[in-house]
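Take a look at the structure below.
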2 protein chains.
Amino acid sequence: MNNELKSTKESALFVMDGVKGGHDGMNVSSKKKFRKKNQEELDLVKLANELRSGSRNSLAKAITLIESSNNQHKELAQALLQELLPYTGKSIRIGITGVPGAGKSSFIEAFGMMLCNMGKRVAVLAIDPSSSLSGGSILGDKTRMEELSRDQRAFVRPSPSAGTLGGVHKKTRETMLLCEAAGYDVILIETVGVGQSETYVRGMVDFFLLLVLTGAGDELQGMKKGIMELADGIVVHKCDGDNVRNAKRTVREYKQILHFLQPATPGWMSKALPVSSLEKVGLDEVWKMICDFEQTIKASNYWEQRRNGQTRDWYHSMITDFLIDSFFNNPEKKTQVKVIESAILQGELTVTQGVNKLFRE
Amino acid sequence: MNNELKSTKESALFVMDGVKGGHDGMNVSSKKKFRKKNQEELDLVKLANELRSGSRNSLAKAITLIESSNNQHKELAQALLQELLPYTGKSIRIGITGVPGAGKSSFIEAFGMMLCNMGKRVAVLAIDPSSSLSGGSILGDKTRMEELSRDQRAFVRPSPSAGTLGGVHKKTRETMLLCEAAGYDVILIETVGVGQSETYVRGMVDFFLLLVLTGAGDELQGMKKGIMELADGIVVHKCDGDNVRNAKRTVREYKQILHFLQPATPGWMSKALPVSSLEKVGLDEVWKMICDFEQTIKASNYWEQRRNGQTRDWYHSMITDFLIDSFFNNPEKKTQVKVIESAILQGELTVTQGVNKLFRE
């Protein structure tokens with residue numbers, strides 16, 4: 001990954017020389033700084049242009065820049081993203097979740113290939129390190145979207161492995177914007193439906209798809225509470241061979257449960273569909289469902305409204321995270337919080353007294 | 001309400017005279033302050049003792065003190081609460097929710113009277129201004145627990161009407177502690193299951209009861225998403241007259257849905273029961289369910305663990321609220337947040353750039 005970044009910084013083909021000579025008031029270090037800054041800006045413009053023209057290498061470099069924790073890289077990354085903002089927002093953003101073993105990789109491989117063959121450009125991102133993209137598959141490498149990864153019309157990127165989930169979801173959002181600027185029509189964001197990551201994904205996509213297996217009852221026991229209520233569509237997967245009958249019955253069961261739940265998207269009745277990625281059956285129905293969804297929700301103006309709301313929520317949650325992190329990561333405060341917490345649990349202080357004490361000291 | 005408070009402050013029967021005369025270094029104002037402080041402390045001890053001996057008037061005065069927004073009252077309230085903390089925690093705390101019209105008032109009236117007749121002391125609190133306790137009933141005054149309110153073994157207190165919900169839930173928590181110190185065995189906390197209040201209630205009770213009507217499907221449409229997953233028990237209400245058959249079918253439907261959900265309390269399978277408050281049928285079954293629950297969960301040690309966790313969460317959420325409130329209520333910050341938000345939504349700034357700008361300025 002670092003090599004990609006290094007090569008950007010070393011290849012400064014279009015760099016002008018900057019101010020040569022200069023008056024006496026400018027020392028050597030200032031001149032170097034000035035030249036460096038100029039060079040970086042030009043590199044950024046070049047990187048942005050290459051990315052927009054469809055270079056998968058440039059996209060990969062840009063994502064590496066976004067994921068870097070180096071402060072200088074961070075600033076460059078934000079400048080690049082700002083440059084590209086006008087070209088974002090044109091894809092359909094689809095979140096895909098399901099318990100481990102539901103077959104997310106094989107579904108994304110089959111579904112993504114179908115979309116590519118329909119002339120779409122497809123980007124696949126993962127939001128958590130435990131996703132199948134990043135190596136969660138227990139069946140080994142063969143199921144990890146080999147065909148899709150090699151296809152020139154697709155771009156597959158595993159999750160950033162560092163940082164807290166909150167940080168990862170920030171980076172995935174920004175990576176999604178980069179993919180849009182690079183002209184990808186469909187963004188698939190994979191997540192494992194067992195933690196809190198699916199709430200983050202729901203907060204950044206238009207359509208949220210839940211992959212399940214047959215036997216709704218047992219299956220749901222292992223699923224996170226409330227996850228069905230986030231889904232615009234449910235795919236009952238592995239509807240093939242001996243399993244077809246079972247899968248179709250499970251579809252009916254899910255339809256019944258969906259009837260009891262409020263829709264995840266106002267104006268859209270969530271659907272359940274049987275799919276076999278192995279036999280490539282039902283994939284076109286899933287795409288049809290998503291297109292129906294897009295048409296319906298765009299007609300009701302909720303599409304833009306949700307996206308603006310998502311950006312606003314993202315901004316506000318980043319503010320809140322900043323406030324909370326800078327308080328709780330302060331070592332002195334951390335100790336005080338603990339000491340007062342003990343006093344509260346011992347019944348020596350009321351909670352209100354504890355909080356007052358904390359902010360008075 | 002203010003009169004209750006006033007009378008405490010005026011009737012200082014047990015107040016000692018304090019230091020008489022005193023040396024020359026103490027001026028008149030200091031003496032007054034000293035005497036006043038002494039007097040207040042003694043008033044508090046007296047109030048605490050009267051409250052603990054079961055005086056409903058003293059309990060009402062103490063709650064008024066807790067609900068007061070006057071800074072001096074706030075301090076007194078916390079001192080009183082600290083005095084009483086060792087006597088709290090001995091009740092069973094039950095949250096009761098349901099959509100408007102589910103019959104929360106008539107259930108609490110009938111259930112509460114049954115408990116009183118079993119020798120229990122019952123306190124009823126409401127967490128939001130729109131609850132039936134505070135006047136949400138569309139059927140008028142008659143349904144508002146007239147019998148229970150008059151019973152000496154019960155204490156019925158409507159919700160504090162002022163403040164945000166976050167503030168209200170803080171006051172309800174502290175009111176609950178006062179009721180426990182006053183010797184109430186069962187605390188019923190009523191809330192309307194349509195906002196976010198039921199999450200607050202779930203965070204302060206041992207057992208959470210959901211009241212529903214017949215026709216699970218239609219009923220659930222008006223209910224808040226995910227509310228069933230908070231419930232340890234579901235009462236299908238108004239199981240009387242022509243409605244008995246329907247209600248029993250609805251109980252079966254809910255049992256089926258509960259089967260799909262993770263239990264709200266680890267180690268407890270949530271139950272659904274038919275109840276008629278009108279004909280007083282099934283109320284004893286509800287109490288039996290709650291006693292079973294208490295026994296099961298205490299045996300698994302989860303009881304104390306949950307209560308400590310609730311106190312810890314309360315403490316942490318008050319810290320977080322304080323941080324967020326003091327940031328967003330700062331008029332200067334408020335304006336900056338808005339200005340930057342607009343720039344972000346216009347695509348002029350990335351979200352990360354916006355947040356950086358906000359905290360750099």
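We label chains A, B, ... in the order they appear in the structure tokens, count residues from 1 in each chain, and number ligands from 1 in the order shown.
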Interface rows for chain A against chain B: nearest pair, Å to one decimal, 8 Å, only C-alpha atoms, as a Markdown table:
```
| residue | atom | partner | partner_atom | distance |
| --- | --- | --- | --- | --- |
| A:Gln78 | CA | B:Gln353 | CA | 6.6 |
| A:Leu81 | CA | B:Thr350 | CA | 7.0 |
| A:Gln82 | CA | B:Thr350 | CA | 5.9 |
| A:Leu85 | CA | B:Gly347 | CA | 6.1 |
| A:Pro86 | CA | B:Gly347 | CA | 6.7 |
| A:Ala216 | CA | B:Phe260 | CA | 7.9 |
| A:Gly217 | CA | B:Phe260 | CA | 5.4 |
| A:Asp218 | CA | B:Phe260 | CA | 7.9 |
| A:Leu220 | CA | B:Phe260 | CA | 6.2 |
| A:Gln221 | CA | B:Gln262 | CA | 6.2 |
| A:Lys225 | CA | B:Gln262 | CA | 6.4 |
| A:Gly226 | CA | B:Gly226 | CA | 6.0 |
| A:Glu229 | CA | B:Lys225 | CA | 7.4 |
| A:Ile257 | CA | B:Ile257 | CA | 7.7 |
| A:His259 | CA | B:Gly217 | CA | 7.1 |
| A:Phe260 | CA | B:Gly217 | CA | 5.3 |
| A:Leu261 | CA | B:Gln221 | CA | 6.8 |
| A:Gln262 | CA | B:Gln221 | CA | 6.1 |
| A:Asn308 | CA | B:Leu345 | CA | 6.8 |
| A:Thr311 | CA | B:Leu345 | CA | 7.4 |
| A:Arg312 | CA | B:Glu341 | CA | 7.1 |
| A:Trp314 | CA | B:Val351 | CA | 7.5 |
| A:Tyr315 | CA | B:Val351 | CA | 5.7 |
| A:Met318 | CA | B:Val355 | CA | 7.0 |
| A:Ile319 | CA | B:Val355 | CA | 6.3 |
| A:Thr320 | CA | B:Ile324 | CA | 6.7 |
| A:Leu323 | CA | B:Leu323 | CA | 6.8 |
| A:Ile324 | CA | B:Thr320 | CA | 6.7 |
| A:Glu341 | CA | B:Arg312 | CA | 7.1 |
| A:Leu345 | CA | B:Asn308 | CA | 6.8 |
| A:Gly347 | CA | B:Leu85 | CA | 6.1 |
| A:Glu348 | CA | B:Gln82 | CA | 7.1 |
| A:Leu349 | CA | B:Gln82 | CA | 6.1 |
| A:Thr350 | CA | B:Gln82 | CA | 5.9 |
| A:Val351 | CA | B:Tyr315 | CA | 5.7 |
| A:Thr352 | CA | B:Gln78 | CA | 7.3 |
| A:Gln353 | CA | B:Gln78 | CA | 6.7 |
| A:Gly354 | CA | B:Tyr315 | CA | 7.8 |
| A:Val355 | CA | B:Ile319 | CA | 6.3 |
```
From a DSSP pass on the backbone, collect the residues of range 63-305 of chain A flagged as strand (DSSP E or B) and hand them back as an mmCIF file with N, CA and C atoms, in the first residue's frame.
```
data_model
loop_
_atom_site.group_PDB
_atom_site.id
_atom_site.type_symbol
_atom_site.label_atom_id
_atom_site.label_comp_id
_atom_site.auth_asym_id
_atom_site.auth_seq_id
_atom_site.Cartn_x
_atom_site.Cartn_y
_atom_site.Cartn_z
ATOM 1 N N ILE A 92 -25.639 4.344 -7.228
ATOM 2 C CA ILE A 92 -26.580 3.816 -6.243
ATOM 3 C C ILE A 92 -25.763 3.064 -5.207
ATOM 4 N N ARG A 93 -26.040 3.384 -3.950
ATOM 5 C CA ARG A 93 -25.245 2.859 -2.841
ATOM 6 C C ARG A 93 -26.021 1.754 -2.147
ATOM 7 N N ILE A 94 -25.444 0.564 -2.153
ATOM 8 C CA ILE A 94 -26.150 -0.605 -1.620
ATOM 9 C C ILE A 94 -25.355 -1.227 -0.482
ATOM 10 N N GLY A 95 -25.982 -1.367 0.664
ATOM 11 C CA GLY A 95 -25.354 -2.055 1.786
ATOM 12 C C GLY A 95 -25.774 -3.511 1.795
ATOM 13 N N ILE A 96 -24.839 -4.409 2.070
ATOM 14 C CA ILE A 96 -25.138 -5.848 2.096
ATOM 15 C C ILE A 96 -24.651 -6.432 3.409
ATOM 16 N N THR A 97 -25.559 -7.065 4.130
ATOM 17 C CA THR A 97 -25.170 -7.647 5.413
ATOM 18 C C THR A 97 -25.730 -9.057 5.565
ATOM 19 N N GLY A 98 -25.244 -9.766 6.554
ATOM 20 C CA GLY A 98 -25.706 -11.122 6.815
ATOM 21 C C GLY A 98 -24.725 -11.784 7.758
ATOM 22 N N VAL A 122 -18.817 -1.518 -11.159
ATOM 23 C CA VAL A 122 -19.190 -1.908 -9.798
ATOM 24 C C VAL A 122 -18.001 -1.784 -8.839
ATOM 25 N N ALA A 123 -18.194 -1.047 -7.745
ATOM 26 C CA ALA A 123 -17.162 -0.989 -6.703
ATOM 27 C C ALA A 123 -17.662 -1.729 -5.466
ATOM 28 N N VAL A 124 -16.776 -2.536 -4.879
ATOM 29 C CA VAL A 124 -17.136 -3.299 -3.682
ATOM 30 C C VAL A 124 -16.223 -2.871 -2.536
ATOM 31 N N LEU A 125 -16.833 -2.420 -1.443
ATOM 32 C CA LEU A 125 -16.066 -2.007 -0.268
ATOM 33 C C LEU A 125 -16.528 -2.816 0.932
ATOM 34 N N ALA A 126 -15.667 -2.951 1.917
ATOM 35 C CA ALA A 126 -16.075 -3.624 3.148
ATOM 36 C C ALA A 126 -15.909 -2.661 4.297
ATOM 37 N N ALA A 154 -14.782 -3.747 -12.571
ATOM 38 C CA ALA A 154 -15.069 -3.753 -11.137
ATOM 39 C C ALA A 154 -13.865 -3.271 -10.343
ATOM 40 N N PHE A 155 -14.127 -2.874 -9.121
ATOM 41 C CA PHE A 155 -13.059 -2.456 -8.221
ATOM 42 C C PHE A 155 -13.387 -3.012 -6.844
ATOM 43 N N VAL A 156 -12.533 -3.901 -6.332
ATOM 44 C CA VAL A 156 -12.817 -4.537 -5.049
ATOM 45 C C VAL A 156 -11.781 -4.075 -4.027
ATOM 46 N N ARG A 157 -12.238 -3.540 -2.932
ATOM 47 C CA ARG A 157 -11.321 -2.992 -1.930
ATOM 48 C C ARG A 157 -11.687 -3.516 -0.550
ATOM 49 N N VAL A 186 -22.439 1.480 -9.370
ATOM 50 C CA VAL A 186 -23.037 0.753 -8.256
ATOM 51 C C VAL A 186 -21.954 0.562 -7.193
ATOM 52 N N ILE A 187 -22.251 0.988 -5.971
ATOM 53 C CA ILE A 187 -21.307 0.754 -4.868
ATOM 54 C C ILE A 187 -21.931 -0.285 -3.941
ATOM 55 N N LEU A 188 -21.246 -1.396 -3.747
ATOM 56 C CA LEU A 188 -21.708 -2.418 -2.806
ATOM 57 C C LEU A 188 -20.841 -2.339 -1.550
ATOM 58 N N ILE A 189 -21.478 -2.129 -0.412
ATOM 59 C CA ILE A 189 -20.726 -2.054 0.844
ATOM 60 C C ILE A 189 -21.086 -3.246 1.706
ATOM 61 N N GLU A 190 -20.098 -4.100 1.921
ATOM 62 C CA GLU A 190 -20.332 -5.328 2.670
ATOM 63 C C GLU A 190 -20.062 -5.132 4.149
ATOM 64 N N THR A 191 -20.901 -5.719 4.981
ATOM 65 C CA THR A 191 -20.644 -5.687 6.414
ATOM 66 C C THR A 191 -21.152 -6.972 7.057
ATOM 67 N N VAL A 192 -20.572 -7.313 8.205
ATOM 68 C CA VAL A 192 -21.024 -8.495 8.929
ATOM 69 C C VAL A 192 -22.126 -8.062 9.885
ATOM 70 N N PHE A 207 -29.918 1.714 -0.305
ATOM 71 C CA PHE A 207 -30.674 0.462 -0.207
ATOM 72 C C PHE A 207 -29.899 -0.496 0.684
ATOM 73 N N PHE A 208 -30.607 -1.139 1.595
ATOM 74 C CA PHE A 208 -29.928 -2.037 2.529
ATOM 75 C C PHE A 208 -30.471 -3.449 2.359
ATOM 76 N N LEU A 209 -29.570 -4.376 2.018
ATOM 77 C CA LEU A 209 -29.962 -5.741 1.703
ATOM 78 C C LEU A 209 -29.448 -6.707 2.770
ATOM 79 N N LEU A 210 -30.357 -7.553 3.239
ATOM 80 C CA LEU A 210 -29.993 -8.542 4.265
ATOM 81 C C LEU A 210 -29.979 -9.933 3.648
ATOM 82 N N LEU A 211 -28.860 -10.633 3.785
ATOM 83 C CA LEU A 211 -28.755 -12.007 3.294
ATOM 84 C C LEU A 211 -29.004 -12.984 4.436
ATOM 85 N N VAL A 212 -29.934 -13.923 4.217
ATOM 86 C CA VAL A 212 -30.202 -14.921 5.260
ATOM 87 C C VAL A 212 -30.213 -16.317 4.639
ATOM 88 N N GLY A 233 -34.619 -4.958 1.610
ATOM 89 C CA GLY A 233 -34.827 -6.218 0.920
ATOM 90 C C GLY A 233 -34.123 -7.343 1.656
ATOM 91 N N ILE A 234 -34.718 -8.536 1.597
ATOM 92 C CA ILE A 234 -34.094 -9.709 2.208
ATOM 93 C C ILE A 234 -33.878 -10.757 1.131
ATOM 94 N N VAL A 235 -32.667 -11.272 1.025
ATOM 95 C CA VAL A 235 -32.384 -12.363 0.097
ATOM 96 C C VAL A 235 -32.254 -13.652 0.909
ATOM 97 N N VAL A 236 -33.129 -14.624 0.611
ATOM 98 C CA VAL A 236 -32.948 -15.954 1.203
ATOM 99 C C VAL A 236 -32.002 -16.701 0.267
ATOM 100 N N LYS A 271 -39.078 -6.237 0.682
ATOM 101 C CA LYS A 271 -39.399 -7.491 0.006
ATOM 102 C C LYS A 271 -38.435 -8.607 0.405
ATOM 103 N N ALA A 272 -38.891 -9.851 0.230
ATOM 104 C CA ALA A 272 -38.020 -11.011 0.439
ATOM 105 C C ALA A 272 -37.989 -11.834 -0.848
ATOM 106 N N LEU A 273 -36.791 -12.271 -1.259
ATOM 107 C CA LEU A 273 -36.620 -12.990 -2.526
ATOM 108 C C LEU A 273 -35.703 -14.203 -2.345
ATOM 109 N N PRO A 274 -35.999 -15.306 -3.061
ATOM 110 C CA PRO A 274 -35.078 -16.455 -3.039
ATOM 111 C C PRO A 274 -33.988 -16.287 -4.105
ATOM 112 N N SER A 276 -30.193 -18.084 -5.759
ATOM 113 C CA SER A 276 -29.056 -18.998 -5.784
ATOM 114 C C SER A 276 -27.906 -18.341 -6.536
ATOM 115 N N VAL A 281 -29.657 -17.883 -10.083
ATOM 116 C CA VAL A 281 -31.113 -17.742 -10.180
ATOM 117 C C VAL A 281 -31.569 -16.672 -9.193
#
```
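Distances to Asn117 in chain A were evaluated for A:Arg56, A:Leu65, A:Cys239, A:Asp284 using only C-alpha atoms, and the minimum falls at A:Asp284.
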Original post:
Taking the backbone alone, and naming residues the way the document does, which bits of range 121-346 of chain A are helix (DSSP H, G or I) by DSSP, as an NGL selection string?
Top reply: :A and (132-134 or 141-143 or 146-150 or 165-181 or 197-202 or 216-221 or 228-230 or 241-260 or 283-299 or 302-328 or 331-345)
**OP:** Measuring atom to atom with only C-alpha atoms, identify which of A:Lys61, A:Lys238, A:Arg173, A:Lys288 is nearest to Gly103 in chain A.
**Re:**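 Closest to Gly103 in chain A of all the choices is A:Lys238.
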May I have the residues within 9 Å of Leu59 in chain A as a short mmCIF file (atom, residue, chain, number, x, y, z; two decimals) with all heavy atoms, in the first residue's frame, using only C-alpha atoms and disregarding those fewer than 4 positions away in the same chain?
```cif
data_model
loop_
_atom_site.label_atom_id
_atom_site.label_comp_id
_atom_site.auth_asym_id
_atom_site.auth_seq_id
_atom_site.Cartn_x
_atom_site.Cartn_y
_atom_site.Cartn_z
N LEU A 47 -3.65 13.54 -9.91
CA LEU A 47 -4.26 12.34 -9.34
C LEU A 47 -5.78 12.38 -9.52
O LEU A 47 -6.41 11.39 -9.93
CB LEU A 47 -3.89 12.23 -7.85
CG LEU A 47 -4.37 10.99 -7.10
CD1 LEU A 47 -3.83 9.72 -7.74
CD2 LEU A 47 -3.94 11.03 -5.63
N ALA A 48 -6.36 13.55 -9.26
CA ALA A 48 -7.81 13.70 -9.40
C ALA A 48 -8.24 13.44 -10.84
O ALA A 48 -9.24 12.75 -11.10
CB ALA A 48 -8.23 15.09 -8.95
N GLU A 50 -6.63 11.72 -13.22
CA GLU A 50 -6.45 10.31 -13.58
C GLU A 50 -7.55 9.45 -12.97
O GLU A 50 -8.08 8.54 -13.61
CB GLU A 50 -5.08 9.81 -13.11
CG GLU A 50 -3.93 10.36 -13.94
CD GLU A 50 -2.57 9.94 -13.40
OE1 GLU A 50 -2.53 9.28 -12.34
OE2 GLU A 50 -1.56 10.28 -14.05
N LEU A 51 -7.86 9.75 -11.72
CA LEU A 51 -8.92 9.01 -11.03
C LEU A 51 -10.24 9.15 -11.79
O LEU A 51 -10.94 8.17 -12.06
CB LEU A 51 -9.04 9.53 -9.60
CG LEU A 51 -10.03 8.85 -8.65
CD1 LEU A 51 -9.50 8.91 -7.21
CD2 LEU A 51 -11.42 9.46 -8.70
N ARG A 52 -10.54 10.39 -12.19
CA ARG A 52 -11.81 10.64 -12.88
C ARG A 52 -11.84 9.99 -14.26
O ARG A 52 -12.91 9.64 -14.77
CB ARG A 52 -12.07 12.14 -13.00
CG ARG A 52 -12.50 12.75 -11.67
CD ARG A 52 -13.07 14.13 -11.88
NE ARG A 52 -14.11 14.10 -12.90
CZ ARG A 52 -14.28 15.03 -13.81
NH1 ARG A 52 -13.49 16.08 -13.85
NH2 ARG A 52 -15.26 14.92 -14.69
N GLY A 54 -10.80 7.16 -14.84
CA GLY A 54 -11.07 5.72 -14.68
C GLY A 54 -9.89 4.86 -14.33
O GLY A 54 -10.00 3.64 -14.33
N SER A 55 -8.75 5.47 -13.98
CA SER A 55 -7.58 4.67 -13.63
C SER A 55 -7.78 3.98 -12.28
O SER A 55 -7.95 4.65 -11.25
CB SER A 55 -6.34 5.57 -13.57
OG SER A 55 -5.38 5.01 -12.71
N ILE A 63 -7.33 6.11 -2.30
CA ILE A 63 -7.90 5.46 -1.10
C ILE A 63 -6.82 5.28 -0.05
O ILE A 63 -7.05 5.50 1.14
CB ILE A 63 -8.56 4.11 -1.47
CG1 ILE A 63 -9.75 4.35 -2.41
CG2 ILE A 63 -9.03 3.39 -0.22
CD1 ILE A 63 -10.39 3.08 -2.94
N THR A 64 -5.61 4.91 -0.49
CA THR A 64 -4.52 4.75 0.46
C THR A 64 -4.25 6.08 1.18
O THR A 64 -3.99 6.10 2.38
CB THR A 64 -3.25 4.27 -0.26
OG1 THR A 64 -3.57 3.05 -0.93
CG2 THR A 64 -2.12 4.01 0.71
N LEU A 178 -14.88 8.66 -3.34
CA LEU A 178 -13.82 8.53 -4.35
C LEU A 178 -14.27 7.62 -5.49
O LEU A 178 -14.05 7.92 -6.66
CB LEU A 178 -12.53 7.97 -3.71
CG LEU A 178 -11.78 8.86 -2.72
CD1 LEU A 178 -10.58 8.11 -2.16
CD2 LEU A 178 -11.33 10.17 -3.37
N CYS A 179 -14.89 6.49 -5.14
CA CYS A 179 -15.36 5.54 -6.17
C CYS A 179 -16.40 6.21 -7.07
O CYS A 179 -16.42 5.97 -8.28
CB CYS A 179 -15.96 4.29 -5.52
SG CYS A 179 -14.74 3.27 -4.67
N ALA A 182 -14.79 8.34 -9.48
CA ALA A 182 -14.11 7.51 -10.48
C ALA A 182 -15.10 6.88 -11.45
O ALA A 182 -14.71 6.09 -12.32
CB ALA A 182 -13.29 6.43 -9.78
#
```
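Taking only C-alpha atoms into account, Ala77 in chain A lies nearest to A:Glu41 out of the set A:Asn246, A:Glu41, A:Asn49, A:Leu258.
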**OP:** Identify which of the residues A:Asp151, A:Ser53, A:Arg202, A:Ala343 lies closest to Ala181 in chain A, counting only C-alpha atoms when measuring atom-to-atom distances.
**Re:**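 The closest residue to Ala181 in chain A is A:Ser53.
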